[in-house]
$ cat protein-v6.txt   # compact mmCIF, C-alpha atoms
# COMPACT_ATOMS: atom_id res chain seq x y z
CA MET A 1 0.60 8.73 -30.94
CA THR A 2 -0.38 12.38 -31.02
CA THR A 3 -2.58 13.72 -28.25
CA THR A 4 -3.86 17.09 -27.22
CA ALA A 5 -3.38 18.35 -23.69
CA THR A 6 -6.16 16.77 -21.64
CA THR A 7 -6.41 15.54 -18.06
CA LEU A 8 -4.13 12.60 -18.84
CA PRO A 9 -3.84 10.41 -21.94
CA PRO A 10 -6.74 8.02 -22.66
CA PRO A 11 -6.62 4.93 -20.43
CA PRO A 12 -5.48 1.66 -21.98
CA ARG A 13 -8.19 -0.86 -22.80
CA ALA A 14 -8.91 -3.28 -19.96
CA ASN A 15 -7.68 -6.84 -20.45
CA THR A 16 -10.89 -8.84 -20.42
CA ALA A 17 -9.06 -12.12 -20.87
CA HIS A 18 -6.92 -11.59 -17.78
CA PRO A 19 -8.66 -9.02 -15.57
CA ALA A 20 -6.88 -7.35 -12.69
CA SER A 21 -7.26 -8.87 -9.27
CA PRO A 22 -9.78 -6.62 -7.47
CA VAL A 23 -8.29 -7.50 -4.09
CA SER A 24 -4.59 -7.00 -4.31
CA GLY A 25 -4.10 -4.89 -7.42
CA SER A 26 -1.06 -7.04 -8.11
CA ALA A 27 -0.43 -10.71 -8.84
CA VAL A 28 2.49 -10.82 -6.40
CA ALA A 29 2.98 -9.92 -2.75
CA CYS A 30 4.55 -6.53 -1.98
CA ASP A 31 6.35 -5.43 1.18
CA LEU A 32 6.17 -2.08 3.01
CA LEU A 33 7.74 -0.07 0.20
CA GLY A 34 6.09 -2.04 -2.59
CA LEU A 35 9.04 -4.31 -3.42
CA VAL A 36 8.63 -7.93 -4.50
CA ARG A 37 11.07 -10.83 -4.23
CA ILE A 38 11.99 -12.63 -7.44
CA PRO A 39 12.66 -16.34 -6.76
CA ALA A 40 15.54 -18.32 -8.18
CA ALA A 41 13.24 -20.31 -10.48
CA GLU A 42 12.18 -17.12 -12.25
CA LEU A 43 15.78 -15.98 -12.53
CA HIS A 44 16.51 -19.26 -14.29
CA LEU A 45 13.70 -18.47 -16.74
CA ALA A 46 15.22 -15.03 -17.26
CA ALA A 47 18.53 -16.59 -18.23
CA ASN A 48 16.81 -18.99 -20.64
CA ALA A 49 14.89 -16.08 -22.16
CA GLY A 50 18.17 -14.29 -22.82
CA LEU A 51 17.73 -11.34 -20.47
CA ASP A 52 20.95 -9.39 -20.00
CA PRO A 53 22.48 -10.22 -16.58
CA ALA A 54 24.09 -6.77 -16.41
CA LEU A 55 20.67 -5.13 -16.88
CA LEU A 56 19.22 -7.24 -14.08
CA ASP A 57 22.17 -6.26 -11.87
CA THR A 58 21.40 -2.60 -12.59
CA PHE A 59 17.70 -2.71 -11.70
CA LEU A 60 17.12 -5.86 -9.64
CA PRO A 61 19.77 -6.33 -6.93
CA ALA A 62 20.69 -9.84 -5.84
CA ALA A 63 20.04 -10.92 -2.25
CA ARG A 64 20.08 -14.02 -0.08
CA GLY A 65 17.77 -12.92 2.70
CA PRO A 66 18.55 -11.98 6.31
CA ARG A 67 19.48 -15.51 7.45
CA PRO A 68 20.30 -17.58 4.38
CA ALA A 69 20.38 -21.33 4.90
CA ALA A 70 23.30 -23.33 3.65
CA GLY A 71 23.05 -23.64 -0.10
CA ALA A 72 20.25 -21.05 -0.29
CA ARG A 73 19.64 -19.87 -3.81
CA THR A 74 19.93 -16.19 -4.64
CA ILE A 75 16.80 -14.12 -5.11
CA ARG A 76 16.50 -10.62 -6.52
CA LEU A 77 14.60 -7.61 -5.25
CA SER A 78 12.40 -5.61 -7.59
CA ARG A 79 14.01 -2.27 -6.70
CA GLY A 80 17.54 -1.10 -6.12
CA PRO A 81 19.63 2.08 -6.40
CA ALA A 82 18.45 2.67 -9.99
CA TYR A 83 14.83 2.90 -8.84
CA TYR A 84 15.62 5.74 -6.45
CA GLN A 85 18.00 7.46 -8.89
CA PRO A 86 15.80 7.61 -12.01
CA ARG A 87 17.79 10.26 -13.83
CA THR A 88 20.90 8.10 -13.62
CA ALA A 89 18.97 5.08 -14.89
CA LEU A 90 17.57 6.81 -18.00
CA PRO A 91 20.13 5.37 -20.47
CA SER A 92 18.90 1.82 -19.71
CA TRP A 93 15.20 2.61 -20.16
CA ALA A 94 14.86 1.22 -23.68
CA ALA A 95 16.79 -1.93 -22.77
CA LEU A 96 14.46 -2.45 -19.82
CA GLY A 97 11.45 -2.33 -22.16
CA GLU A 98 13.13 -4.76 -24.54
CA ALA A 99 13.77 -7.15 -21.66
CA LEU A 100 10.08 -7.14 -20.76
CA GLY A 101 9.14 -7.86 -24.36
CA ARG A 102 11.63 -10.71 -24.55
CA LEU A 103 10.32 -12.24 -21.31
CA ASP A 104 6.71 -12.04 -22.48
CA HIS A 105 7.64 -13.65 -25.79
CA ARG A 106 9.83 -16.49 -24.52
CA ALA A 107 8.28 -17.24 -21.12
CA PRO A 108 4.70 -15.92 -21.24
CA GLY A 109 2.97 -16.05 -17.86
CA GLN A 110 5.80 -18.03 -16.27
CA ALA A 111 7.62 -15.34 -14.27
CA PRO A 112 5.04 -13.09 -12.57
CA ALA A 113 7.41 -11.60 -9.98
CA LEU A 114 10.09 -10.81 -12.56
CA ARG A 115 7.54 -9.34 -14.97
CA HIS A 116 6.13 -7.20 -12.17
CA ALA A 117 9.63 -5.98 -11.29
CA LEU A 118 10.41 -4.96 -14.87
CA LEU A 119 7.07 -3.15 -15.19
CA ASP A 120 7.58 -1.46 -11.84
CA ASN A 121 10.91 -0.01 -12.92
CA LEU A 122 9.52 1.05 -16.29
CA HIS A 123 6.62 2.79 -14.56
CA ASN A 124 8.97 4.50 -12.14
CA LEU A 125 11.09 6.00 -14.91
CA ALA A 126 8.03 7.25 -16.81
CA ALA A 127 6.39 8.69 -13.69
CA ALA A 128 9.56 10.40 -12.49
CA GLY A 129 10.20 11.82 -15.96
CA ALA A 130 6.61 13.07 -16.29
CA TYR A 131 6.80 14.82 -12.93
CA THR A 132 10.09 16.46 -13.87
CA LEU A 133 8.52 18.00 -16.98
CA TRP A 134 5.32 18.89 -15.07
CA HIS A 135 7.47 20.69 -12.52
CA GLY A 136 9.48 22.48 -15.21
CA LEU A 137 6.52 23.52 -17.34
CA THR A 138 4.69 24.83 -14.29
CA ASP A 139 7.56 27.07 -13.21
CA ARG A 140 8.83 27.90 -16.70
CA PRO A 141 5.84 27.92 -19.10
CA SER A 142 6.33 26.74 -22.65
CA LEU A 143 7.15 29.00 -25.54
CA THR A 144 6.66 28.54 -29.28
CA ASP A 145 8.22 25.30 -30.60
CA ASP A 146 8.92 24.10 -27.04
CA PRO A 147 9.21 20.27 -27.19
CA ARG A 148 8.31 19.80 -23.52
CA PRO A 149 4.47 19.81 -23.72
CA ALA A 150 4.37 17.01 -26.29
CA ALA A 151 7.02 15.08 -24.37
CA LEU A 152 4.99 15.40 -21.17
CA GLU A 153 1.90 14.00 -22.94
CA ARG A 154 3.87 11.01 -24.21
CA LEU A 155 5.45 10.38 -20.81
CA LEU A 156 2.07 10.48 -19.09
CA GLU A 157 0.80 8.02 -21.69
CA THR A 158 3.72 5.70 -20.99
CA ALA A 159 3.29 6.02 -17.22
CA THR A 160 -0.43 5.28 -17.56
CA SER A 161 0.24 2.20 -19.71
CA THR A 162 2.75 0.77 -17.27
CA ALA A 163 0.46 1.50 -14.32
CA ALA A 164 -2.39 -0.31 -16.09
CA ALA A 165 -0.18 -3.32 -16.78
CA LEU A 166 0.97 -3.44 -13.14
CA HIS A 167 -2.69 -3.79 -12.18
CA GLY A 168 -3.38 -6.60 -14.62
CA HIS A 169 -4.99 -4.61 -17.42
CA ARG A 170 -3.92 -5.03 -21.00
CA ALA A 171 -1.75 -2.17 -22.17
CA ALA A 172 -0.18 -2.20 -25.60
CA GLY A 173 2.32 0.39 -24.53
CA PRO A 174 4.36 2.33 -25.11
CA PHE A 175 6.55 1.08 -22.28
CA ALA A 176 9.78 2.73 -23.44
CA PRO A 177 10.32 6.43 -24.17
CA HIS A 178 10.41 8.25 -27.47
CA PRO A 179 14.13 8.80 -28.29
CA GLY A 180 13.70 12.57 -28.35
CA ASP A 181 11.98 12.52 -24.98
CA LEU A 182 14.83 10.53 -23.47
CA ALA A 183 17.37 13.10 -24.67
CA LEU A 184 15.18 15.90 -23.31
CA LEU A 185 14.98 14.26 -19.89
CA GLN A 186 18.71 13.60 -19.75
CA ALA A 187 19.28 17.34 -20.24
CA HIS A 188 16.68 18.24 -17.61
CA GLU A 189 18.32 18.71 -14.21
CA ALA A 190 15.58 20.22 -12.02
CA GLY A 191 12.53 18.56 -10.52
CA TRP A 192 13.78 14.98 -10.15
CA ARG A 193 12.28 13.19 -7.17
CA THR A 194 13.63 9.98 -5.69
CA PHE A 195 10.70 8.57 -3.71
CA ARG A 196 6.92 8.51 -4.13
CA GLU A 197 5.34 7.81 -0.76
CA LEU A 198 2.49 5.87 -2.38
CA ASP A 199 3.91 3.52 -5.00
CA SER A 200 2.91 0.09 -3.70
CA PRO A 201 0.68 -1.58 -6.31
CA VAL A 202 -1.03 -3.70 -3.65
CA LYS A 203 -1.93 -0.64 -1.56
CA ILE A 204 -3.03 1.29 -4.64
CA GLY A 205 -5.19 -1.62 -5.83
CA ASN A 206 -6.90 -1.97 -2.47
CA GLU A 207 -7.48 1.77 -2.26
CA LEU A 208 -8.98 2.06 -5.74
CA ARG A 209 -11.31 -0.87 -5.16
CA PHE A 210 -12.52 0.69 -1.89
CA LEU A 211 -13.09 4.04 -3.58
CA ALA A 212 -14.97 2.44 -6.46
CA GLU A 213 -17.27 0.36 -4.24
CA HIS A 214 -17.87 2.68 -1.30
CA VAL A 215 -17.32 6.22 -2.59
CA LEU A 216 -17.75 6.53 -6.34
CA ALA A 217 -20.46 3.93 -7.01
CA PRO A 218 -22.82 5.44 -4.39
CA ARG A 219 -21.95 8.97 -5.58
CA PRO A 220 -22.41 9.23 -9.37
CA ASP A 221 -22.24 13.00 -8.92
CA ILE A 222 -18.48 12.62 -8.39
CA THR A 223 -17.20 12.87 -11.94
CA ALA A 224 -13.54 13.75 -11.43
CA VAL A 225 -10.57 12.81 -9.25
CA LEU A 226 -7.81 15.24 -8.26
CA ALA A 227 -4.45 13.97 -7.00
CA PRO A 228 -1.82 16.26 -5.43
CA LEU A 229 1.70 15.46 -6.61
CA TYR A 230 4.19 13.97 -6.03
CA GLY A 231 3.23 11.18 -3.65
CA SER A 232 -0.15 10.36 -5.25
CA LEU A 233 1.10 10.22 -8.85
CA SER A 234 1.17 6.42 -9.22
CA LEU A 235 -2.32 6.12 -7.71
CA ALA A 236 -3.65 8.74 -10.11
CA LEU A 237 -2.13 7.02 -13.13
CA ALA A 238 -3.53 3.63 -12.10
CA ALA A 239 -6.92 5.24 -11.43
CA ARG A 240 -7.16 6.25 -15.11
CA THR A 241 -7.63 2.59 -16.06
CA VAL A 242 -8.79 0.82 -12.90
CA LEU A 243 -11.65 3.09 -11.83
CA PRO A 244 -13.50 3.14 -15.19
CA ALA A 245 -13.10 -0.65 -15.40
CA LEU A 246 -14.56 -1.15 -11.91
CA LEU A 247 -17.34 1.42 -12.27
CA GLY A 248 -18.35 0.94 -15.88
CA ARG A 249 -18.34 4.70 -16.41
CA PRO A 250 -15.69 7.32 -17.20
CA VAL A 251 -13.85 9.15 -14.44
CA ASP A 252 -11.59 12.09 -15.25
CA VAL A 253 -8.30 12.16 -13.35
CA HIS A 254 -6.45 15.45 -12.85
CA LEU A 255 -3.08 16.31 -11.33
CA VAL A 256 -1.82 19.31 -9.42
CA ARG A 257 1.58 19.94 -7.93
CA LEU A 258 0.52 20.88 -4.42
CA GLY A 259 2.07 20.11 -1.04
CA PHE A 260 3.44 21.78 2.04
CA HIS A 261 5.51 19.12 3.78
CA ASP A 262 8.20 18.71 1.12
CA GLN A 263 7.46 21.62 -1.23
CA GLY A 264 7.79 24.49 1.21
CA ASN A 265 9.78 26.54 -1.30
CA VAL A 266 6.74 26.95 -3.59
CA ALA A 267 4.42 29.88 -2.83
CA TYR A 268 1.09 28.12 -3.27
CA LEU A 269 -1.07 30.46 -1.20
CA GLY A 270 -2.18 33.88 -2.34
CA ALA A 271 -4.14 36.69 -0.76
CA GLY A 272 -6.93 35.72 1.62
CA GLY A 273 -5.93 32.06 1.72
CA THR A 274 -6.60 31.46 -1.97
CA VAL A 275 -4.51 28.95 -3.92
CA ARG A 276 -2.37 30.19 -6.78
CA HIS A 277 -3.57 27.81 -9.46
CA ARG A 278 -0.76 28.92 -11.74
CA ALA A 279 1.75 27.38 -9.32
CA THR A 280 0.17 23.91 -9.52
CA ALA A 281 0.21 22.85 -13.18
CA PRO A 282 1.08 23.78 -16.76
CA ARG A 283 -1.58 25.96 -18.36
CA ALA A 284 -3.25 23.29 -20.53
CA TYR A 285 -3.82 21.07 -17.50
CA ARG A 286 -5.04 24.00 -15.40
CA ASP A 287 -7.62 24.74 -18.08
CA CYS A 288 -8.79 21.13 -18.08
CA LEU A 289 -9.22 21.09 -14.30
CA THR A 290 -11.05 24.42 -14.40
CA ALA A 291 -13.56 23.04 -16.91
CA ALA A 292 -14.00 19.76 -15.04
CA ALA A 293 -14.46 21.30 -11.58
CA ARG A 294 -17.05 23.93 -12.50
CA ASP A 295 -20.44 22.96 -10.97
CA ALA A 296 -19.08 19.45 -10.31
CA THR A 297 -18.05 17.28 -7.36
CA VAL A 298 -14.38 16.33 -7.29
CA LEU A 299 -12.82 13.57 -5.19
CA VAL A 300 -9.44 14.77 -3.87
CA ILE A 301 -7.07 11.94 -2.89
CA ASP A 302 -3.91 12.71 -0.92
CA ASP A 303 -1.45 9.92 -0.25
CA ASN A 304 -0.61 10.78 3.36
CA VAL A 305 -2.34 13.27 5.63
CA GLY A 306 -0.55 14.61 8.67
CA TYR A 307 -1.73 18.10 9.53
CA GLY A 308 -4.13 18.33 6.58
CA ASP A 309 -2.72 21.43 4.88
CA THR A 310 -2.60 19.85 1.41
CA LEU A 311 -6.19 18.61 1.60
CA ARG A 312 -7.44 21.98 2.84
CA ALA A 313 -5.63 23.77 0.00
CA SER A 314 -6.93 21.27 -2.55
CA ARG A 315 -10.48 21.82 -1.30
CA GLN A 316 -9.95 25.57 -1.56
CA LEU A 317 -8.70 25.23 -5.13
CA VAL A 318 -11.71 23.15 -6.21
CA GLU A 319 -14.08 25.67 -4.61
CA GLN A 320 -12.24 28.57 -6.28
CA LEU A 321 -12.92 26.85 -9.60
CA GLY A 322 -16.63 26.62 -8.84
CA GLY A 323 -16.80 23.01 -7.68
CA ARG A 324 -17.35 20.95 -4.55
CA ALA A 325 -14.64 18.76 -3.03
CA VAL A 326 -14.83 15.43 -1.22
CA THR A 327 -11.44 14.80 0.42
CA ARG A 328 -9.76 11.48 1.11
CA SER A 329 -6.50 10.40 2.75
CA VAL A 330 -4.94 7.07 1.76
CA GLU A 331 -2.88 7.05 4.96
CA SER A 332 -3.42 9.14 8.10
CA ALA A 333 -0.86 10.09 10.76
CA TRP A 334 -2.85 8.68 13.66
CA THR A 335 0.25 8.78 15.86
CA LEU A 336 -0.14 12.57 15.96
CA TYR A 337 -3.34 12.11 17.93
CA HIS A 338 -1.36 10.27 20.60
CA ARG A 339 1.10 13.15 20.88
CA SER A 340 -1.20 16.16 20.86
CA GLY A 341 -4.83 16.43 21.83
CA ARG A 342 -4.98 19.63 19.77
CA HIS A 343 -4.16 17.90 16.50
CA ASP A 344 -7.28 17.34 14.40
CA ILE A 345 -7.87 16.73 10.70
CA ALA A 346 -11.64 16.23 10.95
CA ASP A 347 -12.14 19.44 8.96
CA ALA A 348 -9.61 18.42 6.30
CA ALA A 349 -10.38 14.77 5.49
CA ASP A 350 -14.02 13.98 4.71
CA LEU A 351 -13.01 10.33 4.23
CA PRO A 352 -9.99 9.75 6.46
CA SER A 353 -8.33 6.38 5.98
CA LEU A 354 -7.75 4.29 9.06
CA ARG A 355 -4.41 3.14 7.59
CA PRO A 356 -1.54 4.39 9.77
CA ASN A 357 1.08 6.26 7.81
CA LEU A 358 4.52 4.80 7.12
CA HIS A 359 6.61 7.38 8.97
CA HIS A 360 9.18 9.28 6.90
CA SER A 361 11.99 8.19 9.21
CA ILE A 362 11.28 4.54 8.37
CA GLN A 363 10.95 5.32 4.67
CA THR A 364 14.30 7.10 4.74
CA ARG A 365 15.99 4.20 6.51
CA LEU A 366 14.63 1.54 4.17
CA THR A 367 15.36 3.46 0.98
CA GLY A 368 18.82 4.21 2.36
CA HIS A 369 19.58 0.48 2.50
CA LEU A 370 18.54 0.13 -1.14
CA LEU A 371 20.45 3.21 -2.30
CA ARG A 372 23.61 1.76 -0.75
CA GLY A 373 22.93 -1.59 -2.41
CA ASP A 374 22.79 -3.26 1.01
CA THR A 375 20.06 -5.81 0.35
CA GLY A 376 20.95 -7.77 3.48
CA ALA A 377 20.30 -4.75 5.71
CA TYR A 378 17.06 -4.07 3.86
CA LEU A 379 15.72 -7.60 4.26
CA SER A 380 16.76 -7.86 7.91
CA ASP A 381 15.36 -4.45 8.90
CA GLY A 382 12.93 -4.78 11.78
CA ALA A 383 10.31 -2.74 9.94
CA HIS A 384 9.46 -5.91 7.98
CA ARG A 385 8.75 -7.87 11.17
CA THR A 386 6.05 -5.71 12.75
CA ALA A 387 3.70 -7.76 14.91
CA GLY A 388 -0.01 -7.99 14.25
CA THR A 389 -1.94 -7.12 11.11
CA LEU A 390 -2.88 -3.95 9.28
CA HIS A 391 -6.54 -4.65 9.96
CA ARG A 392 -5.87 -4.75 13.70
CA GLN A 393 -4.00 -1.45 13.46
CA MET A 394 -6.89 0.09 11.56
CA ALA A 395 -9.32 -1.09 14.22
CA ALA A 396 -7.16 0.67 16.82
CA SER A 397 -7.23 3.82 14.68
CA PHE A 398 -11.02 3.66 14.60
CA ASP A 399 -11.21 3.33 18.38
CA LEU A 400 -8.96 6.37 18.70
CA ALA A 401 -11.10 8.35 16.23
CA VAL A 402 -14.23 7.56 18.21
CA SER A 403 -12.55 8.61 21.45
CA THR A 404 -11.64 12.07 20.12
CA GLY A 405 -15.27 13.00 19.58
CA THR A 406 -14.46 15.35 16.66
CA TRP A 407 -15.69 13.24 13.73
CA THR A 408 -19.17 13.48 12.25
CA THR A 409 -21.58 10.58 11.95
CA ALA A 410 -20.92 10.45 8.19
CA GLN A 411 -17.14 10.34 8.68
CA LEU A 412 -17.39 7.54 11.24
CA ALA A 413 -19.71 5.60 8.92
CA ALA A 414 -17.11 5.89 6.14
CA MET A 415 -14.42 4.63 8.53
CA ARG A 416 -16.57 1.61 9.44
CA ALA A 417 -17.07 0.81 5.77
CA GLU A 418 -13.33 1.01 5.16
CA LEU A 419 -12.57 -1.21 8.15
CA ALA A 420 -14.97 -3.87 6.87
CA HIS A 421 -13.49 -3.63 3.37
CA ALA A 422 -9.95 -3.91 4.74
CA ALA A 423 -10.64 -7.43 6.03
CA SER A 424 -9.67 -8.61 2.53
CA TRP A 425 -6.53 -6.49 2.20
CA ASN A 426 -3.15 -8.22 2.22
CA GLU A 427 -0.99 -5.21 3.04
CA PRO A 428 1.68 -5.66 5.74
CA PRO A 429 1.29 -3.93 9.11
CA VAL A 430 2.88 -0.52 9.50
CA PRO A 431 5.75 -0.11 12.02
CA ARG A 432 5.79 2.84 14.37
CA PRO A 433 9.02 4.74 15.03
CA ALA A 434 10.46 3.82 18.42
CA ALA A 435 10.27 7.41 19.65
CA LEU A 436 6.57 7.59 18.90
CA ALA A 437 5.86 4.14 20.29
CA ALA A 438 7.37 5.21 23.60
CA ALA A 439 5.51 8.56 23.71
$ encode --input "protein-v6.txt" --output "structure tokens"
Amino acid sequence: MTTTATTLPPPPRANTAHPASPVSGSAVACDLLGLVRIPAAELHLAANAGLDPALLDTFLPAARGPRPAAGARTIRLSRGPAYYQPRTALPSWAALGEALGRLDHRAPGQAPALRHALLDNLHNLAAAGAYTLWHGLTDRPSLTDDPRPAALERLLETATSTAAALHGHRAAGPFAPHPGDLALLQAHEAGWRTFRELDSPVKIGNELRFLAEHVLAPRPDITAVLAPLYGSLSLALAARTVLPALLGRPVDVHLVRLGFHDQGNVAYLGAGGTVRHRATAPRAYRDCLTAAARDATVLVIDDNVGYGDTLRASRQLVEQLGGRAVTRSVESAWTLYHRSGRHDIADAADLPSLRPNLHHSIQTRLTGHLLRGDTGAYLSDGAHRTAGTLHRQMAASFDLAVSTGTWTTAQLAAMRAELAHAASWNEPPVPRPAALAAA
């Protein structure tokens, strides 16, 4: 499929026969990082369908749980070392797509957790590869006959298709890469990232439904969404299909590489606090955002807001381009309010989420278990046994927000709407690091 450089490739057609669940965004339960457990019965179906056991070993590590009972049957986890080392996993990409096709053909609808796991790994490879080329083309612009721009378009198309399928929408593909794109990625050494902070389909589904119902539907003047990379990439790709399906109208989704917590080596800011647009995206995508933002209202969605620098810079960029920004955090570092009365993001997040953030120290520990292949340590980690519910945590965040006295009436009203909406969410509670809990 040949496309021209636009915001992202056209979204796949929604599956009207089997629509996405508007509550969970996924047919299976996900844990803190977005992993699912694949039961023994589905593994038996995989064997009957002829899926390669070695491929499953590569992408879906076997586990028996933290305290396996006598005779307990092995399960598999949906992510392992290959998920967090995407460049190493590239040679198996095509085989992974073939396995999904074989499963759908020989056991249609019978292995939802296994199908989700295969799609999740396919999406991860496409998203990681797309970001790598986005990063490279931003820092080293394309020249004549450069194959990277076309490869980036195809990879974004693949990542969008897999994201749509993860959220229950029909997507004809492609799910596997073009052979030339695979060779290009294998030769590409810079820009590989190992962890997207927001890549839980359940969390993404809940977030997009809230945005559609409580932000975008009441505000038809918001015609575009802007997502800073890298953490918000999966949400942005899912938004391409999910938001138009929920709203019944088109919504443009744009990407920018912009962040200060983990991209401190990039000089994003110019004179007078302006944002160097050239540092955020390849030229074709910069031009698309410039056209979309002019005289328009843009919803900026950041995955995790701590001190608010990324949201402030994103707002500045939209205003530089002649538009107006409405800013949203999917998670907020409410623990920072406990530690410093001076910390305030009321000027950065117009729509601050009451979700507590999953602290980077916990993310690092959990992904470390998976990178080492230690599924037992992962399953027994105390982060999975946090007491209470996410909704209760969000209610505590709201009480804290009210007590600070820095939020406007409109911001507090948005928080109340989110809290009411979150009563239907099935996300697990978020653990707090011990050091912060004791502070």
$ closest_residue --input "protein-v6.txt" --among "A:Leu143, A:Ala224, A:Leu336, A:Ala130" --to "Pro177 of chain A" --atoms "all atoms listed in the file"
A:Ala130
$ closest_residue --input "protein-v6.txt" --among "A:Val298, A:Ala293, A:Val430, A:Leu255" --to "Trp334 of chain A" --atoms "all atoms listed in the file"
A:Val430
$ residues_near_point --input "protein-v6.txt" --point "(-0.8, 3.1, -11.2)" --cutoff "10 Å" --atoms "all atoms listed in the file" --output "ChimeraX atom specification"
/A:25,120,123-124,127,159-167,198-201,204-205,208,232-242
$ closest_residue --input "protein-v6.txt" --among "A:Pro250, A:Gly306, A:Pro431, A:Pro356" --to "Thr223 of chain A" --atoms "only C-alpha atoms"
A:Pro250
$ atom_distance --input "protein-v6.txt" --atom1 "atom CA of Leu103 of chain A" --atom2 "atom CA of Ala82 of chain A"
20.4 Å
$ closest_residue --input "protein-v6.txt" --among "A:Leu379, A:Ala29, A:Ala217, A:Val253" --to "Ala62 of chain A" --atoms "all atoms listed in the file"
A:Leu379
$ atom_distance --input "protein-v6.txt" --atom1 "atom CA of Ala348 of chain A" --atom2 "atom CA of Thr327 of chain A"
7.1 Å
$ residues_near_point --input "protein-v6.txt" --point "(19.7, -5.1, -21.4)" --cutoff "6 Å" --atoms "all atoms listed in the file" --output "list in words"
Asp52, Leu55 and Ala95 of chain A
$ atom_distance --input "protein-v6.txt" --atom1 "atom CA of Cys288 of chain A" --atom2 "atom CA of Arg196 of chain A"
24.5 Å
$ residues_around --input "protein-v6.txt" --residues "Arg283 of chain A" --least-positions-apart "3" --cutoff "9 Å" --atoms "all atoms listed in the file" --output "list of chain:residue names"
A:Leu137, A:Thr138, A:Pro141, A:Arg278, A:Arg286, A:Asp287, A:Cys288
$ closest_residue --input "protein-v6.txt" --among "A:Ala190, A:Ala325, A:Leu351, A:Ala383" --to "Arg140 of chain A" --atoms "all atoms listed in the file"
A:Ala190
$ closest_residue --input "protein-v6.txt" --among "A:Ala279, A:Leu371, A:Ala417, A:Val251" --to "Gly80 of chain A" --atoms "all atoms listed in the file"
A:Leu371
$ build_atoms --input "protein-v6.txt" --residues "segment 293-297 of chain A" --atoms "all heavy atoms" --output "mmCIF file, in the frame of the given file"
data_model
loop_
_atom_site.group_PDB
_atom_site.id
_atom_site.type_symbol
_atom_site.label_atom_id
_atom_site.label_comp_id
_atom_site.auth_asym_id
_atom_site.auth_seq_id
_atom_site.Cartn_x
_atom_site.Cartn_y
_atom_site.Cartn_z
ATOM 1 N N ALA A 293 -14.024 21.020 -12.950
ATOM 2 C CA ALA A 293 -14.460 21.300 -11.580
ATOM 3 C C ALA A 293 -15.701 22.180 -11.530
ATOM 4 O O ALA A 293 -16.457 22.115 -10.551
ATOM 5 C CB ALA A 293 -13.327 21.963 -10.804
ATOM 6 N N ARG A 294 -15.937 22.971 -12.540
ATOM 7 C CA ARG A 294 -17.050 23.930 -12.500
ATOM 8 C C ARG A 294 -18.382 23.213 -12.336
ATOM 9 O O ARG A 294 -18.738 22.326 -13.118
ATOM 10 C CB ARG A 294 -17.058 24.783 -13.770
ATOM 11 C CG ARG A 294 -18.074 25.917 -13.734
ATOM 12 C CD ARG A 294 -18.024 26.744 -15.002
ATOM 13 N NE ARG A 294 -16.717 27.365 -15.186
ATOM 14 C CZ ARG A 294 -15.899 27.097 -16.200
ATOM 15 N NH1 ARG A 294 -16.247 26.214 -17.105
ATOM 16 N NH2 ARG A 294 -14.735 27.709 -16.294
ATOM 17 N N ASP A 295 -19.121 23.545 -11.261
ATOM 18 C CA ASP A 295 -20.440 22.960 -10.970
ATOM 19 C C ASP A 295 -20.379 21.444 -10.836
ATOM 20 O O ASP A 295 -21.381 20.752 -11.098
ATOM 21 C CB ASP A 295 -21.456 23.341 -12.054
ATOM 22 C CG ASP A 295 -21.671 24.844 -12.140
ATOM 23 O OD1 ASP A 295 -21.679 25.508 -11.082
ATOM 24 O OD2 ASP A 295 -21.819 25.360 -13.266
ATOM 25 N N ALA A 296 -19.242 20.903 -10.433
ATOM 26 C CA ALA A 296 -19.080 19.450 -10.310
ATOM 27 C C ALA A 296 -18.557 19.086 -8.920
ATOM 28 O O ALA A 296 -18.117 19.957 -8.159
ATOM 29 C CB ALA A 296 -18.120 18.934 -11.382
ATOM 30 N N THR A 297 -18.620 17.795 -8.613
ATOM 31 C CA THR A 297 -18.050 17.280 -7.360
ATOM 32 C C THR A 297 -16.769 16.527 -7.691
ATOM 33 O O THR A 297 -16.768 15.634 -8.556
ATOM 34 C CB THR A 297 -19.036 16.349 -6.637
ATOM 35 O OG1 THR A 297 -20.257 17.052 -6.398
ATOM 36 C CG2 THR A 297 -18.468 15.890 -5.303
#
